[in-house]
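See below for start-v9.cif, which holds mmCIF, C-alpha atoms.
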data_protein
loop_
_atom_site.label_atom_id
_atom_site.label_comp_id
_atom_site.auth_asym_id
_atom_site.auth_seq_id
_atom_site.Cartn_x
_atom_site.Cartn_y
_atom_site.Cartn_z
CA MET A 1 0.00 0.00 0.00
CA GLY A 2 1.41 3.34 -0.94
CA THR A 3 0.51 6.90 -1.76
CA LEU A 4 0.54 8.13 -5.31
CA LYS A 5 1.30 11.82 -5.45
CA THR A 6 0.78 13.64 -8.70
CA THR A 7 -1.02 16.70 -10.00
CA ASN A 8 -2.56 15.40 -13.18
CA ILE A 9 -3.88 12.17 -14.70
CA GLU A 10 -4.68 12.07 -18.39
CA SER A 11 -5.29 9.41 -21.00
CA ILE A 12 -2.43 8.44 -23.24
CA SER A 13 -4.36 9.39 -26.35
CA GLY A 14 -5.48 12.76 -25.02
CA SER A 15 -9.16 11.88 -25.35
CA GLY A 16 -11.60 9.23 -24.19
CA THR A 17 -12.10 7.75 -20.74
CA VAL A 18 -9.67 7.36 -17.89
CA THR A 19 -10.89 4.48 -15.74
CA LEU A 20 -9.98 4.24 -12.06
CA GLY A 21 -10.24 0.88 -10.28
CA THR A 22 -12.05 -2.24 -11.28
CA SER A 23 -15.17 -4.20 -10.36
CA GLY A 24 -15.57 -4.77 -6.63
CA GLU A 25 -13.41 -1.86 -5.58
CA THR A 26 -14.64 1.25 -3.82
CA PHE A 27 -13.40 4.78 -4.12
CA ALA A 28 -13.91 7.10 -1.17
CA ILE A 29 -13.22 10.80 -0.79
CA GLY A 30 -10.94 11.59 2.13
CA ALA A 31 -12.19 13.69 5.03
CA GLY A 32 -11.92 17.39 4.33
CA VAL A 33 -11.32 16.88 0.63
CA THR A 34 -13.34 18.92 -1.82
CA ASN A 35 -15.16 16.51 -4.12
CA ASN A 36 -15.76 17.76 -7.62
CA LEU A 37 -16.25 14.31 -9.09
CA GLY A 38 -19.79 13.40 -8.10
CA ILE A 39 -21.88 16.38 -9.14
CA THR A 40 -21.34 17.29 -12.74
CA VAL A 41 -24.40 19.45 -13.42
CA VAL A 42 -26.10 22.15 -11.35
CA ASP A 43 -28.64 24.43 -12.96
CA GLN A 44 -31.36 26.81 -11.80
CA TRP A 45 -34.29 28.39 -13.59
CA ARG A 46 -37.19 30.69 -12.72
CA ILE A 47 -40.18 32.39 -14.25
CA THR A 48 -39.94 36.12 -14.74
CA ALA A 49 -43.58 37.17 -14.45
CA ASN A 50 -46.56 36.39 -12.26
CA PHE A 51 -48.88 33.59 -13.37
CA ASP A 52 -52.53 33.94 -12.40
CA THR A 53 -54.50 30.71 -12.66
CA THR A 54 -56.27 27.92 -10.81
CA SER A 55 -54.17 25.18 -12.32
CA GLY A 56 -51.94 24.63 -15.32
CA ASP A 57 -48.49 23.96 -16.64
CA ILE A 58 -46.01 26.74 -16.01
CA ALA A 59 -45.16 26.91 -19.67
CA THR A 60 -43.56 30.23 -20.44
CA ASN A 61 -41.41 33.08 -19.11
CA TRP A 62 -38.68 30.70 -17.98
CA GLU A 63 -35.14 32.04 -17.72
CA ARG A 64 -31.90 30.72 -16.31
CA VAL A 65 -31.23 32.61 -13.08
CA ASP A 66 -28.99 35.54 -13.95
CA THR A 67 -28.78 37.82 -10.92
CA ASP A 68 -26.97 37.77 -7.57
CA GLY A 69 -24.12 35.52 -8.64
CA PRO A 70 -25.92 32.24 -9.33
CA GLY A 71 -23.85 29.07 -9.38
CA PHE A 72 -23.84 26.52 -12.17
CA ILE A 73 -21.86 23.42 -12.99
CA GLY A 74 -21.54 21.81 -16.38
CA THR A 75 -23.92 21.91 -19.30
CA GLY A 76 -27.35 22.68 -18.00
CA MET A 77 -30.95 21.98 -18.91
CA THR A 78 -32.71 23.10 -22.05
CA GLU A 79 -36.26 24.42 -21.84
CA SER A 80 -39.03 24.70 -24.38
CA SER A 81 -42.60 25.68 -23.51
CA GLY A 82 -41.96 24.75 -19.90
CA VAL A 83 -40.66 21.29 -20.71
CA PHE A 84 -37.14 20.70 -19.43
CA THR A 85 -34.76 18.34 -21.18
CA PHE A 86 -31.79 16.84 -19.38
CA PRO A 87 -28.32 17.23 -20.91
CA GLN A 88 -27.33 13.70 -19.91
CA THR A 89 -28.68 10.58 -18.27
CA GLY A 90 -28.23 10.04 -14.55
CA ILE A 91 -29.86 10.33 -11.17
CA TRP A 92 -31.14 13.88 -10.87
CA LEU A 93 -32.45 15.85 -7.92
CA ILE A 94 -35.22 18.15 -9.11
CA GLN A 95 -36.53 20.92 -6.91
CA GLY A 96 -39.58 23.04 -7.60
CA ILE A 97 -40.18 26.15 -5.55
CA SER A 98 -42.92 28.75 -5.58
CA ASN A 99 -44.31 31.62 -3.61
CA ILE A 100 -48.06 31.66 -4.14
CA ASP A 101 -50.67 34.36 -3.48
CA ALA A 102 -54.24 33.36 -2.83
CA ASP A 103 -57.09 35.54 -4.07
CA GLY A 104 -59.23 34.34 -1.18
CA ALA A 105 -59.40 31.51 1.33
CA ARG A 106 -57.98 28.40 -0.32
CA THR A 107 -57.93 24.82 0.86
CA TYR A 108 -54.77 24.15 -1.09
CA MET A 109 -52.35 25.95 -3.37
CA GLY A 110 -49.18 24.35 -4.56
CA ILE A 111 -46.95 22.91 -7.21
CA ASN A 112 -46.45 19.51 -8.78
CA ILE A 113 -43.33 18.15 -10.43
CA ASN A 114 -44.70 16.38 -13.48
CA VAL A 115 -42.47 13.90 -15.27
CA THR A 116 -42.71 11.76 -18.35
CA LEU A 117 -40.84 8.58 -19.19
CA ASN A 118 -41.98 8.54 -22.83
CA ASN A 119 -41.90 12.22 -23.83
CA SER A 120 -45.69 12.15 -23.93
CA SER A 121 -47.69 11.18 -20.84
CA TYR A 122 -46.93 13.21 -17.77
CA SER A 123 -47.75 12.25 -14.21
CA ALA A 124 -47.21 14.04 -10.93
CA SER A 125 -44.13 12.67 -9.24
CA THR A 126 -44.51 15.09 -6.36
CA GLU A 127 -47.42 17.19 -5.16
CA MET A 128 -46.89 19.79 -2.45
CA TYR A 129 -49.49 22.22 -1.13
CA GLY A 130 -50.15 24.84 1.46
CA SER A 131 -53.46 26.08 2.83
CA MET A 132 -54.47 29.69 3.10
CA TYR A 133 -57.48 30.68 5.09
CA ILE A 134 -56.94 34.42 5.09
CA ALA A 135 -57.64 36.41 1.96
CA ASN A 136 -54.55 37.71 0.15
CA ALA A 137 -52.24 35.47 2.17
CA GLN A 138 -49.27 33.85 0.52
CA THR A 139 -47.52 30.58 1.07
CA PRO A 140 -44.15 29.21 0.09
CA CYS A 141 -44.16 25.79 -1.50
CA GLU A 142 -41.31 23.44 -2.21
CA ALA A 143 -41.34 20.09 -3.95
CA SER A 144 -38.53 17.73 -4.82
CA PHE A 145 -38.09 14.52 -6.74
CA ILE A 146 -35.11 12.30 -7.47
CA PHE A 147 -35.48 11.23 -11.07
CA ASP A 148 -33.69 8.36 -12.80
CA VAL A 149 -33.14 9.78 -16.26
CA THR A 150 -32.36 6.76 -18.39
CA ASP A 151 -33.04 8.40 -21.75
CA THR A 152 -32.75 12.13 -22.29
CA SER A 153 -35.14 12.07 -25.25
CA GLN A 154 -37.90 10.38 -23.25
CA CYS A 155 -37.48 11.49 -19.62
CA LYS A 156 -38.58 15.10 -19.21
CA VAL A 157 -40.00 17.30 -16.50
CA LYS A 158 -42.20 20.33 -16.08
CA LEU A 159 -43.64 22.34 -13.21
CA TYR A 160 -47.39 22.44 -12.69
CA ALA A 161 -49.39 24.99 -10.71
CA ASP A 162 -52.35 23.58 -8.85
CA GLY A 163 -54.87 25.15 -6.50
CA SER A 164 -58.37 24.81 -5.12
CA GLY A 165 -59.12 28.27 -6.45
CA SER A 166 -57.47 31.10 -8.30
CA GLY A 167 -54.20 32.58 -7.18
CA THR A 168 -50.90 33.89 -8.37
CA TRP A 169 -47.73 31.88 -8.75
CA GLN A 170 -45.20 34.65 -8.44
CA GLY A 171 -42.47 35.38 -10.96
CA HIS A 172 -39.82 38.07 -11.10
CA THR A 173 -36.89 39.03 -13.31
CA ASP A 174 -34.49 39.69 -10.43
CA VAL A 175 -35.62 37.34 -7.67
CA THR A 176 -36.54 33.67 -7.80
CA ARG A 177 -40.11 33.33 -6.60
CA THR A 178 -41.11 30.35 -8.71
CA GLY A 179 -38.41 28.16 -10.17
CA MET A 180 -36.70 24.85 -10.57
CA ASN A 181 -33.27 23.60 -9.56
CA PHE A 182 -31.54 20.64 -11.15
CA ILE A 183 -28.63 18.74 -9.68
CA ARG A 184 -27.15 15.64 -11.24
CA LEU A 185 -26.22 13.37 -8.35
CA GLY A 186 -24.64 10.51 -10.26
CA ASP A 187 -24.96 7.91 -12.95
CA THR A 188 -28.19 6.09 -13.64
CA MET B 1 -44.21 46.04 -2.68
CA ASN B 2 -42.31 48.22 -5.09
CA GLU B 3 -43.38 49.67 -8.44
CA GLN B 4 -42.35 46.56 -10.37
CA ASP B 5 -44.26 44.26 -8.03
CA TRP B 6 -47.45 46.29 -8.41
CA LEU B 7 -47.12 46.28 -12.19
CA ASN B 8 -46.47 42.52 -12.22
CA LYS B 9 -49.45 41.92 -9.93
CA ALA B 10 -51.78 44.17 -11.89
CA LEU B 11 -50.96 42.54 -15.22
CA ALA B 12 -51.48 39.07 -13.77
CA LYS B 13 -54.92 40.14 -12.56
CA MET B 14 -55.99 41.58 -15.92
CA ASN B 15 -56.13 38.17 -17.62
CA ASN B 16 -55.72 34.56 -16.61
CA GLY B 17 -52.72 32.49 -17.56
CA GLN B 18 -49.22 33.36 -18.64
CA TRP B 19 -50.40 35.92 -21.16
CA PHE B 20 -47.64 38.45 -20.61
CA GLY B 21 -43.91 38.60 -20.04
CA TRP B 22 -40.99 40.97 -20.36
CA LYS B 23 -38.73 41.73 -23.29
CA LYS B 24 -35.35 40.07 -23.05
CA ASP B 25 -33.68 42.95 -24.81
CA TRP B 26 -35.28 45.45 -22.50
CA THR B 27 -34.97 49.21 -22.34
CA GLY B 28 -35.33 51.81 -19.62
CA SER B 29 -34.38 51.54 -15.97
CA HIS B 30 -35.96 48.18 -15.24
CA ARG B 31 -36.99 45.16 -17.27
CA MET B 32 -40.29 45.00 -15.40
CA SER B 33 -41.78 48.20 -16.75
CA TYR B 34 -44.68 49.06 -19.03
CA GLU B 35 -42.45 49.66 -22.06
CA ASN B 36 -41.02 46.15 -21.79
CA ILE B 37 -44.28 44.22 -21.63
CA ILE B 38 -44.74 41.53 -24.26
CA VAL B 39 -48.00 39.69 -24.88
CA HIS B 40 -47.73 35.92 -25.42
CA ASP B 41 -51.43 35.33 -26.08
CA SER B 42 -52.50 36.47 -29.54
CA SER B 43 -56.11 36.80 -28.39
CA ILE B 44 -55.15 39.51 -25.92
CA THR B 45 -54.31 43.11 -26.75
CA LYS B 46 -51.68 44.85 -24.72
CA PRO B 47 -53.51 47.10 -22.26
CA THR B 48 -52.84 50.79 -22.35
CA GLU B 49 -50.65 52.33 -19.70
CA ALA B 50 -53.71 54.10 -18.31
CA GLU B 51 -55.56 50.79 -18.00
CA VAL B 52 -52.61 49.24 -16.22
CA ASN B 53 -52.30 52.18 -13.86
CA ALA B 54 -56.01 52.00 -13.12
CA LYS B 55 -55.64 48.32 -12.25
CA ILE B 56 -52.70 49.06 -9.99
CA GLN B 57 -54.73 51.70 -8.19
CA GLU B 58 -57.67 49.29 -7.87
CA LEU B 59 -55.41 46.70 -6.24
CA LYS B 60 -53.85 49.25 -3.92
CA ASP B 61 -57.29 50.46 -2.88
CA ALA B 62 -58.42 46.89 -2.27
CA LYS B 63 -55.35 46.24 -0.12
CA THR B 64 -56.05 49.38 1.92
CA ALA B 65 -59.71 48.44 2.28
CA ALA B 66 -58.79 44.95 3.48
CA ALA B 67 -56.36 46.35 6.03
CA ASN B 68 -59.00 48.76 7.27
CA ALA B 69 -61.58 45.97 7.45
CA ARG B 70 -59.21 43.89 9.56
CA THR B 71 -58.71 46.80 11.95
CA THR B 72 -62.40 47.57 12.34
CA GLY B 73 -63.28 43.89 12.46
CA LYS B 74 -60.89 43.25 15.33
CA ALA B 75 -62.35 46.19 17.22
CA LYS B 76 -65.87 44.88 16.69
CA LEU B 77 -64.90 41.43 17.92
CA LYS B 78 -63.74 42.95 21.18
CA THR B 79 -66.97 44.87 21.69
CA GLY B 80 -69.27 42.14 20.38
CA GLU B 81 -70.59 44.14 17.42
CA ALA B 82 -71.69 42.45 14.19
CA LEU B 83 -69.08 42.23 11.48
CA THR B 84 -69.65 43.23 7.87
CA ASP B 85 -69.01 40.70 5.10
CA ALA B 86 -65.84 42.57 4.16
CA GLU B 87 -64.60 42.39 7.74
CA VAL B 88 -65.34 38.67 7.98
CA GLU B 89 -63.46 38.04 4.76
CA ALA B 90 -60.54 40.21 5.82
CA LEU B 91 -60.24 38.39 9.12
CA PHE B 92 -61.14 34.83 8.25
CA GLY B 93 -60.98 34.48 4.49
#
Mind converting the file's structure to structure tokens?
Amino acid sequence: MGTLKTTNIESISGSGTVTLGTSGETFAIGAGVTNNLGITVVDQWRITANFDTTSGDIATNWERVDTDGPGFIGTGMTESSGVFTFPQTGIWLIQGISNIDADGARTYMGININVTLNNSSYSASTEMYGSMYIANAQTPCEASFIFDVTDTSQCKVKLYADGSGSGTWQGHTDVTRTGMNFIRLGDT
Amino acid sequence: MNEQDWLNKALAKMNNGQWFGWKKDWTGSHRMSYENIIVHDSSITKPTEAEVNAKIQELKDAKTAAANARTTGKAKLKTGEALTDAEVEALFG
């Protein structure tokens, strides 16, 4: 057993894969070591304008967060009409967040993370709600889902607004009030 | 709430859905301003600035009225007086 000390490992050819270890072995990150290996993609999006509805896909006004020094890693998501496409397969943590205004007393107001495995039929992977019994109250809502993206052309996600009555899912150009975060945790 | 928040709120209350947004190549001092409004829904005409301002004022007045109704409603609860519908809604939804 020894310690290999070097500053750089590259393939002989200058391209392709460098493989560490073999089947049955385990790699661990030492205590106090910064690990940049596991998470290869971090991305964050938001809507830029308020959305008044009772329920519906949050389909437009999406932008990548661009104020207050947002952090990103790797090649991020692509978005079209509120449908997000993953840049690569893997296990992904998806977070949906929203600040919601109620027009009146509401039994529930919230967001769903809707996913498809066939680029067609969507179902709610996560449904999160708050209740508001005082007119013009607002509630924060957060939903998360860990998605196994096995095929980037088939596995997609969108954010859905859902309430027992009308309200406003807030959007803003400078502050994230309704948005989605995407973190790739590892391989599928 | 600042000027941009009131504008954003007023526009959202003028029509349902995500009918409006803001220009990406915006002008002026803030992206969220009347001059930078874009309309996504072809069935909707961009409201005039006067219409938007009227809506903002309507919402501000409603907020003030609700705050007043909460204040008077609380006072009436202490003295046992009957509440108006507006006071009930302001206090209990």
Need the shell around A:Met128: protein/DNA/RNA residues with any atom at most 8 Å away, counting all atoms listed in the file. Skip same-chain ones fewer than 2 positions apart. Format as a compact mmCIF listing (two decimals) with C-alpha atoms, in the frame of the given file?
# COMPACT_ATOMS: atom_id res chain seq x y z
CA GLY A 110 -49.18 24.35 -4.56
CA ILE A 111 -46.95 22.91 -7.21
CA ASN A 112 -46.45 19.51 -8.78
CA THR A 126 -44.51 15.09 -6.36
CA GLY A 130 -50.15 24.84 1.46
CA CYS A 141 -44.16 25.79 -1.50
CA GLU A 142 -41.31 23.44 -2.21
CA ALA A 143 -41.34 20.09 -3.95
_I need the contact residues of chain A against chain B, so if you could list those with any atom within 6 Å, counting only C-alpha atoms, and return them as a PyMOL selection string, that would help._
chain A and resi 49-53+104-105+133-135
*For the file shown, what are the residues hit by the PyMOL selection byres ((chain A and resi 178) around 8), laid out as a PyMOL selection string?*
chain A and resi 46-47+96-99+169-171+176-177+179-180
*Could you tell me which residues the PyMOL selection byres ((chain A and resi 88) around 12) grabs in this file, written as number ranges by chain?*
A: 40-41, 74-78, 85-87, 89-92, 148-156, 182-188
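Here atom CA of B:Trp26 and atom CA of A:Phe72 stand 24.4 Å from one another.
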*Pull out every residue that the PyMOL selection byres ((chain A and resi 122) around 12) matches in the shown coordinates and put them as an NGL selection string.*
:A and (57 or 83 or 112-121 or 123-126 or 154-160)
Any chance you could export the current selection's C-alpha atoms as a JSON list (two decimals), in the frame of the given file?
[["chain", "number", "residue", "atom", "x", "y", "z"],
["A", 57, "ASP", "CA", -48.49, 23.96, -16.64],
["A", 83, "VAL", "CA", -40.66, 21.29, -20.71],
["A", 112, "ASN", "CA", -46.45, 19.51, -8.78],
["A", 113, "ILE", "CA", -43.33, 18.15, -10.43],
["A", 114, "ASN", "CA", -44.70, 16.38, -13.48],
["A", 115, "VAL", "CA", -42.47, 13.90, -15.27],
["A", 116, "THR", "CA", -42.71, 11.76, -18.35],
["A", 117, "LEU", "CA", -40.84, 8.58, -19.19],
["A", 118, "ASN", "CA", -41.98, 8.54, -22.83],
["A", 119, "ASN", "CA", -41.90, 12.22, -23.83],
["A", 120, "SER", "CA", -45.69, 12.15, -23.93],
["A", 121, "SER", "CA", -47.69, 11.18, -20.84],
["A", 123, "SER", "CA", -47.75, 12.25, -14.21],
["A", 124, "ALA", "CA", -47.21, 14.04, -10.93],
["A", 125, "SER", "CA", -44.13, 12.67, -9.24],
["A", 126, "THR", "CA", -44.51, 15.09, -6.36],
["A", 154, "GLN", "CA", -37.90, 10.38, -23.25],
["A", 155, "CYS", "CA", -37.48, 11.49, -19.62],
["A", 156, "LYS", "CA", -38.58, 15.10, -19.21],
["A", 157, "VAL", "CA", -40.00, 17.30, -16.50],
["A", 158, "LYS", "CA", -42.20, 20.33, -16.08],
["A", 159, "LEU", "CA", -43.64, 22.34, -13.21],
["A", 160, "TYR", "CA", -47.39, 22.44, -12.69]]
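Atom CA of B:Lys46 is found 22.3 Å from atom CA of A:Gly56.
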_If we count only C-alpha atoms and set the cut-off at 10 Å, which residues sit around B:Ala67, ignoring sequence neighbours fewer than 5 positions away in its own chain? Please answer as a list in words._
Asp61, Ala62, Thr72, Gly73, Glu87, Ala90 and Leu91 of chain B
*atom CA of A:Ile29 and atom CA of A:Gly2, how far apart in Å?*
16.4 Å
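Closest approach to A:Ile94 among A:Thr60, A:His172, A:Thr22, A:Asn181 is made by A:Asn181 (distances from all atoms listed in the file).
Proximity ranking of B:Thr79, B:Thr84, B:Asn36, B:Asn68 relative to B:Glu49 places B:Asn36 first, based on only C-alpha atoms.
The nearest approach to A:Met109 among the residues A:Val42, A:Met1, A:Ile9, A:Ala137, with only C-alpha atoms taken into account, belongs to A:Ala137.
Residue nearest B:Asn53 within the list B:Lys74, B:Glu3, B:Gly80, B:Gly28: B:Glu3 [criterion: smallest interatomic distance, all atoms listed in the file].
Of the listed residues B:Gln57, B:Glu81, B:Ala86, B:Glu35, the one whose atoms come nearest to B:Ala69 is B:Ala86, with distances taken using only C-alpha atoms.
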